[in-house]
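With compact mmCIF, C-alpha atoms inside, this is data_11.txt:
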```
# COMPACT_ATOMS: atom_id res chain seq x y z
CA MET E 1 -55.37 65.26 38.64
CA ASN E 2 -57.20 63.03 36.18
CA ASN E 3 -59.63 64.97 33.95
CA GLU E 4 -61.58 61.97 32.68
CA ILE E 5 -64.46 60.15 34.33
CA ASN E 6 -63.08 56.69 35.14
CA LEU E 7 -66.16 54.67 34.12
CA LEU E 8 -64.90 53.11 30.90
CA TYR E 9 -61.41 52.42 29.56
CA SER E 10 -60.24 55.34 27.50
CA LYS E 11 -58.24 54.76 24.34
CA LYS E 12 -55.07 55.70 26.11
CA GLN E 13 -55.69 53.21 28.90
CA LEU E 14 -56.59 50.54 26.36
CA ARG E 15 -53.29 51.02 24.52
CA LEU E 16 -51.42 51.01 27.79
CA SER E 17 -53.10 47.82 28.90
CA GLN E 18 -52.28 46.08 25.60
CA LEU E 19 -48.66 47.21 25.91
CA VAL E 20 -48.46 45.90 29.45
CA THR E 21 -49.86 42.54 28.33
CA LYS E 22 -47.29 42.29 25.52
CA VAL E 23 -44.49 43.21 27.86
CA ARG E 24 -45.64 40.55 30.34
CA ILE E 25 -45.68 37.98 27.54
CA MET E 26 -42.19 39.04 26.48
CA ARG E 27 -41.08 38.69 30.10
CA PHE E 28 -42.39 35.13 30.29
CA ILE E 29 -40.81 34.27 26.94
CA SER E 30 -37.42 35.63 27.95
CA LEU E 31 -37.60 33.80 31.27
CA GLY E 32 -38.63 30.61 29.51
CA LEU E 33 -35.78 31.02 27.05
CA LEU E 34 -33.31 31.41 29.87
CA PHE E 35 -34.58 28.25 31.55
CA PHE E 36 -34.43 26.41 28.23
CA ILE E 37 -30.84 27.45 27.61
CA CYS E 38 -29.84 26.47 31.12
CA GLY E 39 -31.57 23.11 30.69
CA LEU E 40 -29.79 22.61 27.38
CA SER E 41 -26.40 23.24 28.94
CA ILE E 42 -27.21 20.74 31.73
CA VAL E 43 -28.30 18.16 29.13
CA PHE E 44 -25.07 18.55 27.12
CA PHE E 45 -23.07 18.38 30.34
CA LEU E 46 -24.77 15.11 31.26
CA PHE E 47 -24.10 13.75 27.75
CA VAL E 48 -20.42 14.52 28.17
CA ILE E 49 -20.31 12.86 31.61
CA ALA E 50 -22.14 9.77 30.35
CA SER E 51 -19.90 9.34 27.28
CA PRO E 52 -18.42 5.82 26.90
CA LEU E 53 -15.08 7.26 25.77
CA SER E 54 -13.12 6.35 28.90
CA SER E 55 -14.21 2.69 28.82
CA LEU E 56 -13.44 2.50 25.10
CA LYS E 57 -9.99 3.96 25.68
CA ALA E 58 -9.36 1.36 28.39
CA GLN E 59 -10.45 -1.39 25.98
CA GLU E 60 -8.16 -0.04 23.27
CA LYS E 61 -5.22 0.09 25.68
CA ALA E 62 -5.80 -3.55 26.68
CA LEU E 63 -5.86 -4.64 23.03
CA LEU E 64 -2.66 -2.71 22.24
CA GLN E 65 -0.90 -4.35 25.21
CA ASP E 66 -2.04 -7.75 23.99
CA LEU E 67 -0.80 -7.09 20.45
CA SER E 68 2.54 -5.75 21.63
CA GLY E 69 3.28 -9.25 22.91
CA SER E 70 3.03 -10.56 19.35
CA ARG E 71 5.27 -7.91 17.85
CA ASP E 72 7.78 -10.36 16.36
CA LYS E 73 5.05 -12.39 14.71
CA ILE E 74 3.50 -9.28 13.17
CA PHE E 75 6.91 -8.12 11.96
CA LYS E 76 7.72 -11.48 10.37
CA GLN E 77 4.32 -11.71 8.70
CA THR E 78 4.63 -8.20 7.25
CA LEU E 79 8.15 -8.87 5.98
CA LEU E 80 6.98 -12.15 4.45
CA VAL E 81 4.13 -10.54 2.52
CA THR E 82 6.36 -7.68 1.36
CA ARG E 83 9.05 -10.07 0.21
CA LEU E 84 6.58 -12.30 -1.63
CA ASN E 85 5.16 -9.26 -3.43
CA ASP E 86 8.70 -8.28 -4.47
CA ILE E 87 9.39 -11.81 -5.70
CA ASP E 88 6.17 -11.77 -7.70
CA THR E 89 7.15 -8.45 -9.29
CA ILE E 90 10.60 -9.73 -10.20
CA THR E 91 9.34 -12.99 -11.72
CA ASN E 92 6.71 -11.14 -13.76
CA LYS E 93 8.96 -8.38 -15.01
CA ARG E 94 12.23 -10.21 -15.71
CA SER E 95 13.21 -11.04 -19.24
CA GLN E 96 12.05 -14.37 -20.64
CA PHE E 97 14.81 -15.23 -23.11
CA ASP E 98 14.38 -18.90 -22.29
CA GLY E 99 10.77 -18.64 -23.43
CA VAL E 100 11.80 -16.88 -26.63
CA LEU E 101 14.39 -19.54 -27.42
CA LYS E 102 11.89 -22.29 -26.65
CA THR E 103 9.33 -20.69 -28.95
CA LEU E 104 11.88 -20.48 -31.73
CA THR E 105 13.07 -24.08 -31.35
CA ASP E 106 9.46 -25.32 -31.25
CA THR E 107 8.13 -23.36 -34.20
CA LEU E 108 10.96 -23.34 -36.68
CA PRO E 109 11.01 -26.17 -39.20
CA SER E 110 13.03 -29.23 -38.28
CA GLY E 111 15.41 -28.74 -41.18
CA VAL E 112 16.50 -25.37 -39.81
CA ARG E 113 19.35 -25.12 -37.34
CA ILE E 114 19.90 -22.25 -34.96
CA ASP E 115 23.58 -21.32 -35.29
CA ASP E 116 23.55 -18.03 -33.45
CA PHE E 117 21.34 -16.68 -30.75
CA ALA E 118 21.94 -13.33 -29.11
CA ALA E 119 19.42 -11.58 -26.90
CA GLU E 120 19.61 -8.38 -24.94
CA LYS E 121 16.79 -6.20 -23.67
CA LYS E 122 14.13 -6.33 -26.39
CA VAL E 123 16.28 -7.40 -29.34
CA VAL E 124 17.09 -10.93 -30.47
CA GLU E 125 19.56 -11.68 -33.22
CA LEU E 126 19.09 -15.07 -34.75
CA GLY E 127 21.40 -16.94 -37.12
CA LEU E 128 19.74 -19.81 -38.98
CA SER E 129 21.07 -22.26 -41.47
CA SER E 130 19.42 -24.94 -43.57
CA GLN E 131 20.13 -27.06 -46.58
CA SER E 132 16.78 -26.02 -48.02
CA LEU E 133 15.92 -22.47 -48.98
CA ASP E 134 12.25 -23.40 -48.56
CA ASP E 135 12.89 -24.08 -44.89
CA ILE E 136 14.51 -20.67 -44.53
CA GLU E 137 11.54 -19.07 -46.22
CA THR E 138 9.14 -21.06 -44.03
CA SER E 139 11.04 -19.90 -40.96
CA PHE E 140 10.72 -16.29 -42.00
CA SER E 141 7.01 -16.73 -42.80
CA THR E 142 6.43 -18.38 -39.44
CA LEU E 143 8.09 -15.52 -37.65
CA LYS E 144 6.09 -12.97 -39.65
CA ALA E 145 2.90 -14.78 -38.69
CA MET E 146 3.92 -14.64 -35.04
CA VAL E 147 4.49 -10.91 -35.39
CA LYS E 148 0.98 -10.54 -36.81
CA SER E 149 -0.55 -12.47 -33.94
CA LYS E 150 1.28 -10.09 -31.52
CA ASN E 151 2.00 -12.78 -28.95
CA THR E 152 5.76 -12.59 -28.52
CA PHE E 153 7.36 -10.57 -31.29
CA SER E 154 6.64 -7.07 -32.46
CA GLN E 155 8.84 -6.98 -35.56
CA VAL E 156 11.20 -9.26 -37.52
CA PHE E 157 13.82 -8.21 -40.07
CA MET E 158 16.04 -10.25 -42.29
CA SER E 159 19.43 -8.62 -42.26
CA SER E 160 21.24 -11.07 -44.52
CA LEU E 161 20.76 -14.18 -46.62
CA SER E 162 23.65 -16.14 -48.01
CA SER E 163 24.45 -19.46 -49.54
CA ASN E 164 27.37 -21.73 -48.69
CA GLU E 165 29.08 -23.59 -51.46
CA ASP E 166 31.45 -26.49 -51.51
CA ASN E 167 34.68 -26.69 -53.48
CA ASP E 168 32.83 -27.79 -56.58
CA GLY E 169 30.57 -24.74 -56.42
CA ASN E 170 27.53 -26.64 -55.36
CA THR E 171 25.30 -24.93 -52.87
CA THR E 172 25.37 -26.92 -49.66
CA SER E 173 23.39 -24.76 -47.32
CA PHE E 174 21.74 -21.40 -46.83
CA SER E 175 22.25 -19.04 -43.92
CA THR E 176 20.27 -16.09 -42.79
CA LYS E 177 20.53 -13.50 -40.05
CA LEU E 178 17.30 -12.27 -38.56
CA ILE E 179 16.64 -9.47 -36.10
CA ILE E 180 13.57 -9.89 -33.94
CA LEU E 181 12.10 -7.23 -31.71
CA LEU E 182 10.26 -8.50 -28.66
CA LEU E 183 7.02 -7.10 -27.31
CA MET U 184 -33.94 71.25 36.59
CA ILE U 185 -31.92 67.95 36.43
CA PRO U 186 -33.82 65.15 38.18
CA ARG U 187 -31.86 63.63 41.04
CA LEU U 188 -31.01 59.94 40.73
CA PRO U 189 -32.21 57.90 43.67
CA THR U 190 -29.36 56.95 46.04
CA ILE U 191 -29.18 53.60 47.75
CA HIS U 192 -27.61 53.58 51.15
CA SER U 193 -29.16 50.40 52.54
CA LEU U 194 -31.30 47.41 51.72
CA GLU U 195 -34.39 49.35 52.78
CA ASP U 196 -33.65 51.96 50.09
CA PHE U 197 -33.31 49.17 47.52
CA ARG U 198 -36.63 47.64 48.63
CA PHE U 199 -38.31 51.00 48.45
CA LEU U 200 -37.10 51.66 44.94
CA TYR U 201 -38.05 48.13 43.88
CA PHE U 202 -41.63 48.39 45.07
CA LYS U 203 -41.88 51.89 43.67
CA TYR U 204 -40.85 50.98 40.15
CA LYS U 205 -41.67 47.28 39.87
CA ASP U 206 -44.96 47.80 38.10
CA THR U 207 -43.63 50.31 35.61
CA ILE U 208 -43.08 49.39 31.98
CA GLY U 209 -39.48 50.54 32.10
CA PHE U 210 -38.70 48.12 34.90
CA THR U 211 -40.26 45.21 33.05
CA ILE U 212 -38.42 46.05 29.84
CA GLY U 213 -35.21 46.30 31.84
CA ILE U 214 -35.81 42.84 33.31
CA ILE U 215 -36.53 41.45 29.85
CA LEU U 216 -33.31 42.90 28.46
CA LEU U 217 -31.39 41.56 31.45
CA LEU U 218 -32.83 38.08 30.92
CA ILE U 219 -32.05 38.13 27.21
CA THR U 220 -28.50 39.29 27.93
CA ILE U 221 -27.98 36.52 30.50
CA THR U 222 -29.46 33.98 28.02
CA ILE U 223 -27.09 35.07 25.30
CA ILE U 224 -24.10 34.99 27.66
CA VAL U 225 -25.02 31.51 28.95
CA PHE U 226 -25.51 30.27 25.38
CA ILE U 227 -22.16 31.59 24.17
CA LYS U 228 -20.07 30.81 27.23
CA VAL U 229 -21.62 27.55 28.39
CA VAL U 230 -23.88 25.84 25.87
CA MET U 231 -21.75 26.27 22.75
CA PRO U 232 -18.48 25.06 24.31
CA THR U 233 -20.26 22.13 25.98
CA ALA U 234 -21.98 21.18 22.74
CA GLY U 235 -18.70 21.47 20.84
CA ASN U 236 -17.01 19.32 23.45
CA TRP U 237 -19.74 16.72 23.18
CA PHE U 238 -19.53 16.56 19.38
CA SER U 239 -15.74 16.20 19.47
CA ILE U 240 -16.14 13.45 22.08
CA GLN U 241 -18.56 11.70 19.75
CA HIS U 242 -16.02 11.85 16.92
CA GLU U 243 -13.38 10.50 19.29
CA VAL U 244 -15.77 7.72 20.34
CA ASP U 245 -16.36 6.77 16.68
CA ASP U 246 -12.63 6.81 15.91
CA THR U 247 -11.89 4.74 19.02
CA LYS U 248 -14.57 2.22 18.09
CA ASN U 249 -13.04 1.90 14.60
CA ARG U 250 -9.56 1.41 16.06
CA ILE U 251 -10.90 -1.21 18.47
CA ALA U 252 -12.55 -3.05 15.57
CA LEU U 253 -9.25 -2.98 13.66
CA LEU U 254 -7.24 -4.15 16.67
CA THR U 255 -9.74 -6.95 17.31
CA SER U 256 -9.50 -7.96 13.65
CA ASN U 257 -5.70 -7.95 13.92
CA GLN U 258 -5.91 -10.06 17.07
CA ASN U 259 -8.11 -12.61 15.28
CA LYS U 260 -5.80 -12.69 12.26
CA LEU U 261 -2.80 -13.26 14.52
CA ALA U 262 -4.57 -16.11 16.25
CA SER U 263 -5.08 -17.81 12.88
CA ILE U 264 -1.43 -17.47 11.87
CA ASP U 265 0.80 -20.38 12.77
CA GLU U 266 4.22 -19.01 13.67
CA VAL U 267 6.02 -22.20 12.66
CA VAL U 268 4.47 -22.05 9.19
CA VAL U 269 5.28 -18.34 8.87
CA THR U 270 8.89 -19.00 9.82
CA ARG U 271 9.18 -21.74 7.22
CA GLN U 272 7.60 -19.54 4.56
CA PHE U 273 9.87 -16.69 5.57
CA VAL U 274 12.93 -18.90 5.10
CA THR U 275 11.68 -19.88 1.62
CA ALA U 276 11.11 -16.25 0.66
CA THR U 277 14.56 -15.17 1.88
CA GLU U 278 16.19 -18.03 0.01
CA ALA U 279 14.59 -16.69 -3.17
CA LEU U 280 15.34 -13.04 -2.40
CA PRO U 281 18.12 -12.91 0.17
CA TYR U 282 18.92 -9.97 2.41
CA GLU U 283 22.56 -9.88 1.46
CA LYS U 284 24.66 -10.88 -1.51
CA ASN U 285 24.48 -14.65 -1.28
CA TYR U 286 27.55 -15.57 -3.36
CA ALA U 287 27.33 -19.20 -2.33
CA GLY U 288 23.72 -19.28 -3.47
CA PHE U 289 24.55 -17.63 -6.79
CA VAL U 290 27.36 -20.10 -7.50
CA SER U 291 25.16 -23.00 -6.46
CA ALA U 292 22.39 -21.84 -8.83
CA ILE U 293 24.82 -21.63 -11.75
CA ASP U 294 26.33 -25.01 -10.94
CA ASN U 295 22.88 -26.54 -10.64
CA ALA U 296 21.78 -25.20 -14.02
CA THR U 297 25.06 -26.29 -15.62
CA LEU U 298 24.71 -29.78 -14.21
CA ILE U 299 21.12 -30.25 -15.30
CA SER U 300 21.65 -28.87 -18.78
CA GLY U 301 24.92 -30.60 -19.51
CA MET U 302 26.63 -27.35 -20.46
CA ARG U 303 30.30 -27.08 -19.65
CA ARG U 304 31.25 -24.07 -17.66
CA ASP U 305 34.37 -21.98 -17.95
CA ASP U 306 35.34 -19.44 -15.35
CA TYR U 307 32.85 -16.83 -14.43
CA SER U 308 33.12 -13.42 -12.85
CA PHE U 309 31.04 -11.39 -10.45
CA VAL U 310 30.80 -7.69 -11.10
CA VAL U 311 30.80 -6.66 -7.47
CA GLY U 312 30.60 -2.88 -7.69
CA ASN U 313 30.35 -0.73 -4.57
CA LEU U 314 30.11 -3.04 -1.58
CA SER U 315 29.51 -0.87 1.37
CA THR U 316 28.36 2.47 0.12
CA LYS U 317 25.32 3.93 1.78
CA SER U 318 23.44 3.99 -1.51
CA ALA U 319 24.03 0.30 -2.04
CA GLN U 320 22.76 -0.42 1.44
CA LEU U 321 19.77 1.84 1.15
CA SER U 322 18.70 0.66 -2.28
CA PRO U 323 15.61 -1.53 -1.87
CA ASN U 324 16.17 -3.96 -4.74
CA THR U 325 19.65 -4.69 -5.98
CA ALA U 326 21.28 -7.20 -8.26
CA ILE U 327 24.71 -8.66 -8.67
CA PRO U 328 25.72 -9.19 -12.32
CA VAL U 329 27.54 -12.42 -13.14
CA LYS U 330 29.17 -13.13 -16.48
CA ILE U 331 29.69 -16.75 -17.43
CA ALA U 332 31.13 -18.52 -20.44
CA LEU U 333 29.61 -21.88 -21.37
CA LYS U 334 30.19 -24.61 -23.92
CA GLY U 335 27.29 -26.52 -25.39
CA ASP U 336 24.74 -26.47 -28.18
CA ILE U 337 21.55 -24.47 -28.41
CA ASP U 338 19.39 -27.22 -26.89
CA LYS U 339 21.60 -27.42 -23.81
CA LEU U 340 21.68 -23.64 -23.62
CA LEU U 341 17.88 -23.64 -23.60
CA ILE U 342 17.80 -26.10 -20.70
CA PHE U 343 20.41 -24.00 -18.89
CA LEU U 344 18.32 -20.84 -19.26
CA GLN U 345 15.10 -22.59 -18.29
CA THR U 346 16.69 -24.15 -15.22
CA LEU U 347 18.13 -20.87 -14.07
CA GLN U 348 14.74 -19.19 -14.34
CA LYS U 349 13.37 -21.79 -11.90
CA THR U 350 16.19 -21.65 -9.39
CA VAL U 351 16.66 -19.64 -6.23
CA PRO U 352 18.08 -17.12 -5.53
CA LEU U 353 16.06 -15.28 -8.15
CA SER U 354 17.96 -14.23 -11.23
CA GLU U 355 17.37 -12.59 -14.55
CA ILE U 356 19.21 -13.30 -17.77
CA VAL U 357 20.09 -9.93 -19.18
CA LEU U 358 22.31 -10.99 -22.06
CA VAL U 359 22.78 -14.18 -24.06
CA SER U 360 25.23 -14.53 -26.88
CA ALA U 361 25.55 -18.01 -28.39
CA HIS U 362 27.61 -18.79 -31.43
CA ASN U 363 28.42 -22.29 -32.70
CA SER U 364 28.90 -24.29 -29.49
CA SER U 365 29.81 -21.60 -27.06
CA ALA U 366 27.75 -19.05 -25.21
CA ASN U 367 28.29 -16.02 -23.02
CA VAL U 368 25.57 -15.32 -20.54
CA GLU U 369 25.18 -12.36 -18.22
CA ILE U 370 22.92 -12.98 -15.23
CA ASN U 371 21.66 -10.61 -12.54
CA PHE U 372 21.10 -12.23 -9.15
CA PHE U 373 18.67 -10.33 -6.96
CA TYR U 374 18.81 -9.52 -3.29
CA LYS U 375 17.05 -6.99 -1.09
CA HIS U 376 18.35 -5.29 2.01
CA LYS U 377 16.43 -5.61 5.23
CA SER U 378 14.63 -2.40 6.26
CA GLU U 379 16.30 -1.70 9.60
CA ASN U 380 13.95 1.03 10.67
CA LEU U 381 10.74 -0.65 9.59
CA GLN U 382 7.91 0.60 11.80
CA ILE U 383 4.73 -1.43 11.84
CA PRO U 384 2.03 0.34 13.84
CA TYR U 385 -0.49 -2.00 15.45
CA THR U 386 -3.27 0.20 14.13
CA ASP U 387 -2.48 -0.89 10.57
CA PRO U 388 -4.31 -3.98 9.32
CA ILE U 389 -2.08 -7.05 9.52
CA ARG U 390 -1.26 -8.23 6.04
CA ILE U 391 -2.17 -11.83 5.48
CA LEU U 392 -1.11 -13.92 2.53
CA THR U 393 -3.16 -13.37 -0.60
CA THR U 394 -3.93 -16.03 -3.19
CA LYS U 395 -1.11 -14.61 -5.29
CA ASN U 396 1.32 -14.87 -2.37
CA ASP U 397 0.30 -18.50 -1.82
CA ALA U 398 0.88 -19.22 -5.51
CA VAL U 399 4.34 -17.65 -5.32
CA LEU U 400 5.21 -19.74 -2.24
CA LYS U 401 4.00 -22.88 -3.95
CA THR U 402 6.15 -22.09 -6.99
CA LEU U 403 9.21 -21.41 -4.84
CA ASP U 404 8.69 -24.63 -2.88
CA GLY U 405 8.56 -26.51 -6.18
CA TRP U 406 11.79 -24.89 -7.36
CA LEU U 407 13.53 -25.69 -4.09
CA GLU U 408 12.39 -29.30 -4.29
CA GLN U 409 13.64 -29.60 -7.85
CA SER U 410 17.02 -28.13 -7.06
CA SER U 411 17.46 -30.42 -4.07
CA GLY U 412 16.84 -33.53 -6.21
CA VAL U 413 19.13 -32.67 -9.11
CA SER U 414 19.67 -35.32 -11.80
CA PRO U 415 22.76 -34.27 -13.69
CA ALA U 416 22.75 -34.56 -17.45
CA ILE U 417 26.42 -35.49 -17.21
CA THR U 418 27.44 -38.17 -14.74
CA PRO U 419 30.97 -38.78 -13.50
CA ASP U 420 31.08 -41.88 -15.75
CA ASP U 421 30.39 -39.68 -18.79
CA ILE U 422 33.28 -37.47 -17.85
CA ALA U 423 35.57 -40.42 -17.25
CA SER U 424 34.69 -42.00 -20.60
CA GLY U 425 35.14 -38.70 -22.41
CA SER U 426 31.61 -38.80 -23.88
CA ALA U 427 30.77 -35.51 -22.12
CA LEU U 428 33.36 -33.61 -24.22
```
Show the structure stored in the file as structure tokens.
Amino acid sequence: MNNEINLLYSKKQLRLSQLVTKVRIMRFISLGLLFFICGLSIVFFLFVIASPLSSLKAQEKALLQDLSGSRDKIFKQTLLVTRLNDIDTITNKRSQFDGVLKTLTDTLPSGVRIDDFAAEKKVVELGLSSQSLDDIETSFSTLKAMVKSKNTFSQVFMSSLSSNEDNDGNTTSFSTKLIILLL
Amino acid sequence: MIPRLPTIHSLEDFRFLYFKYKDTIGFTIGIILLLITITIIVFIKVVMPTAGNWFSIQHEVDDTKNRIALLTSNQNKLASIDEVVVTRQFVTATEALPYEKNYAGFVSAIDNATLISGMRRDDYSFVVGNLSTKSAQLSPNTAIPVKIALKGDIDKLLIFLQTLQKTVPLSEIVLVSAHNSSANVEINFFYKHKSENLQIPYTDPIRILTTKNDAVLKTLDGWLEQSSGVSPAITPDDIASGSAL
């Protein structure tokens, strides 16, 4: 039996009413959330269904079939490019002893003769002879200058210098042996 | 006294209990908890896998589009490549860097250089080495050394070396030893085995000739032209008259 006169809301009824309102709001929110989540799952499902992946895969398959008909051409082209790259590497990296000899014959004085020429890896041994010692000296100076300019040679050494005499003891020519290190 | 739990024997009992408790706070809170639980279960079991599936499909779509673009590009490149020209270029490249040891080509190159330079050639020897070992076959770049003895002065030797550098098959002079009027030269002639198991996937970009490749081809064509129109330094008349000696 209720002991209060039910004319106005009592504090207890007020609290109860507020609680009921909050609970009703929570109920609507939770229901709304459930509908939202269900809608989201349907949306993602439709996205998956509508994806263009299958048509793209079909297009890719058609292109692959078309290219497989040109397999030999692709193979030949690839081999050609690979081979040309190898040829380029070889021609760039191989030794250039012809260039070294050409440089020497072009730069040495005309009175100097190349008697010996030996080249292996990065070392060149040069045997020069001349009737003039000045020419020999000029040759050595020219080679030293080339070393300084760092174009072809890294170092040059004179390993020997000798004179050749005739039977009367007159000096007829001068010979020198040079060792040149290539860059 | 322990309160008795209501028993449900029929739908009427269920309806009775529903109407009895539906307006109570406990019932509403129970419904809320049930809804939240169902929401969480739906989110974990349905939404997340579907979303994950969709994102992975999107990645697959992007990858497929990229592959299609590459395949289309390859198709266009192939259309622009003339097979006749490629074949001719391929022949030029294999003449310069043969698949196998091209002894005839090596001898021809030496003879050509000797003829142009005017050097006189003695016998020469090939250092053959292991012919059929697996390592020799598997090695990508290989060379055959050739030792040759020549007679001639330094100027002729220079022409010989220069000619050889511009002759196919490709060679490298690894040793020169010239003294007075004779010279010993050691030459490496290059060749490269064919890759038997070369796999070229269509999804790789087709390699077209670069500017450098074109320059190499042009150089090789020039060398081949020169070697086909050889003007010997020594003619048969020179030999007959003895002026070549």
Pick from E:Val100, E:Ile25, E:Leu182, E:Ala119: nearest to chain U, with only C-alpha atoms counted?
E:Ala119
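Distance check against Asn285 of chain U using only C-alpha atoms: of U:Leu400, U:Leu353, U:Ile299, U:Ile224, the minimum falls on U:Leu353.
The spacing separating atom CA of Lys284 of chain U from atom CA of Arg271 of chain U amounts to 20.8 Å.
Nearest residue to chain U among E:Phe35, E:Ser51, E:Asp116, E:Thr105 is E:Asp116, counting only C-alpha atoms.
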Give as a list in words every residue, naming chains and numbers as the document does, that has an atom within 9 Å of (20.2, -17.7, -41.6), counting all atoms listed in the file.
Val112, Arg113, Ile114, Asp115, Asp116, Leu126, Gly127, Leu128, Ser129, Ser130, Ile136, Met158, Ser160, Leu161, Ser162, Phe174, Ser175, Thr176, Lys177 and Leu178 of chain E
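Residues with any atom within 12 Å of Gly39 of chain E, counting all atoms listed in the file and excluding same-chain neighbours fewer than 4 positions away, are Gly32, Leu33, Leu34, Phe35, Val43, Phe44, Phe45 and Leu46 of chain E; Thr222, Val225, Phe226, Val229 and Val230 of chain U.
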Segment 63-69 of chain E written out with all heavy atoms as a PDB file, in the first residue's frame:
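Written out: part.pdb:
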```
ATOM      1  N   LEU E  63      44.857 -10.377 -72.811  1.00  0.00           N
ATOM      2  CA  LEU E  63      46.148  -9.761 -73.184  1.00  0.00           C
ATOM      3  C   LEU E  63      47.274 -10.793 -73.116  1.00  0.00           C
ATOM      4  O   LEU E  63      48.150 -10.826 -73.988  1.00  0.00           O
ATOM      5  CB  LEU E  63      46.460  -8.589 -72.253  1.00  0.00           C
ATOM      6  CG  LEU E  63      45.737  -7.281 -72.549  1.00  0.00           C
ATOM      7  CD1 LEU E  63      45.898  -6.298 -71.405  1.00  0.00           C
ATOM      8  CD2 LEU E  63      46.252  -6.660 -73.839  1.00  0.00           C
ATOM      9  N   LEU E  64      47.262 -11.624 -72.084  1.00  0.00           N
ATOM     10  CA  LEU E  64      48.302 -12.649 -71.936  1.00  0.00           C
ATOM     11  C   LEU E  64      48.252 -13.638 -73.102  1.00  0.00           C
ATOM     12  O   LEU E  64      49.290 -14.050 -73.618  1.00  0.00           O
ATOM     13  CB  LEU E  64      48.131 -13.382 -70.616  1.00  0.00           C
ATOM     14  CG  LEU E  64      48.678 -12.680 -69.376  1.00  0.00           C
ATOM     15  CD1 LEU E  64      48.246 -13.373 -68.109  1.00  0.00           C
ATOM     16  CD2 LEU E  64      50.194 -12.605 -69.427  1.00  0.00           C
ATOM     17  N   GLN E  65      47.033 -13.998 -73.508  1.00  0.00           N
ATOM     18  CA  GLN E  65      46.888 -14.932 -74.645  1.00  0.00           C
ATOM     19  C   GLN E  65      47.432 -14.308 -75.914  1.00  0.00           C
ATOM     20  O   GLN E  65      48.098 -14.962 -76.716  1.00  0.00           O
ATOM     21  CB  GLN E  65      45.414 -15.282 -74.832  1.00  0.00           C
ATOM     22  CG  GLN E  65      45.007 -16.514 -74.077  1.00  0.00           C
ATOM     23  CD  GLN E  65      43.555 -16.884 -74.277  1.00  0.00           C
ATOM     24  OE1 GLN E  65      42.756 -16.088 -74.751  1.00  0.00           O
ATOM     25  NE2 GLN E  65      43.205 -18.077 -73.878  1.00  0.00           N
ATOM     26  N   ASP E  66      47.178 -13.003 -76.064  1.00  0.00           N
ATOM     27  CA  ASP E  66      47.655 -12.296 -77.252  1.00  0.00           C
ATOM     28  C   ASP E  66      49.188 -12.243 -77.263  1.00  0.00           C
ATOM     29  O   ASP E  66      49.834 -12.466 -78.302  1.00  0.00           O
ATOM     30  CB  ASP E  66      47.069 -10.879 -77.244  1.00  0.00           C
ATOM     31  CG  ASP E  66      47.348 -10.157 -78.534  1.00  0.00           C
ATOM     32  OD1 ASP E  66      47.273 -10.804 -79.596  1.00  0.00           O
ATOM     33  OD2 ASP E  66      47.623  -8.951 -78.462  1.00  0.00           O
ATOM     34  N   LEU E  67      49.765 -11.967 -76.090  1.00  0.00           N
ATOM     35  CA  LEU E  67      51.227 -11.864 -76.017  1.00  0.00           C
ATOM     36  C   LEU E  67      51.907 -13.218 -76.174  1.00  0.00           C
ATOM     37  O   LEU E  67      53.023 -13.304 -76.680  1.00  0.00           O
ATOM     38  CB  LEU E  67      51.637 -11.250 -74.677  1.00  0.00           C
ATOM     39  CG  LEU E  67      51.487  -9.733 -74.567  1.00  0.00           C
ATOM     40  CD1 LEU E  67      51.756  -9.274 -73.145  1.00  0.00           C
ATOM     41  CD2 LEU E  67      52.418  -9.017 -75.523  1.00  0.00           C
ATOM     42  N   SER E  68      51.238 -14.281 -75.748  1.00  0.00           N
ATOM     43  CA  SER E  68      51.861 -15.602 -75.852  1.00  0.00           C
ATOM     44  C   SER E  68      52.082 -15.983 -77.309  1.00  0.00           C
ATOM     45  O   SER E  68      52.964 -16.778 -77.628  1.00  0.00           O
ATOM     46  CB  SER E  68      51.004 -16.651 -75.141  1.00  0.00           C
ATOM     47  OG  SER E  68      49.776 -16.790 -75.803  1.00  0.00           O
ATOM     48  N   GLY E  69      51.307 -15.384 -78.220  1.00  0.00           N
ATOM     49  CA  GLY E  69      51.511 -15.634 -79.641  1.00  0.00           C
ATOM     50  C   GLY E  69      52.778 -14.995 -80.174  1.00  0.00           C
ATOM     51  O   GLY E  69      53.283 -15.375 -81.226  1.00  0.00           O
TER      52      GLY E  69
END
```
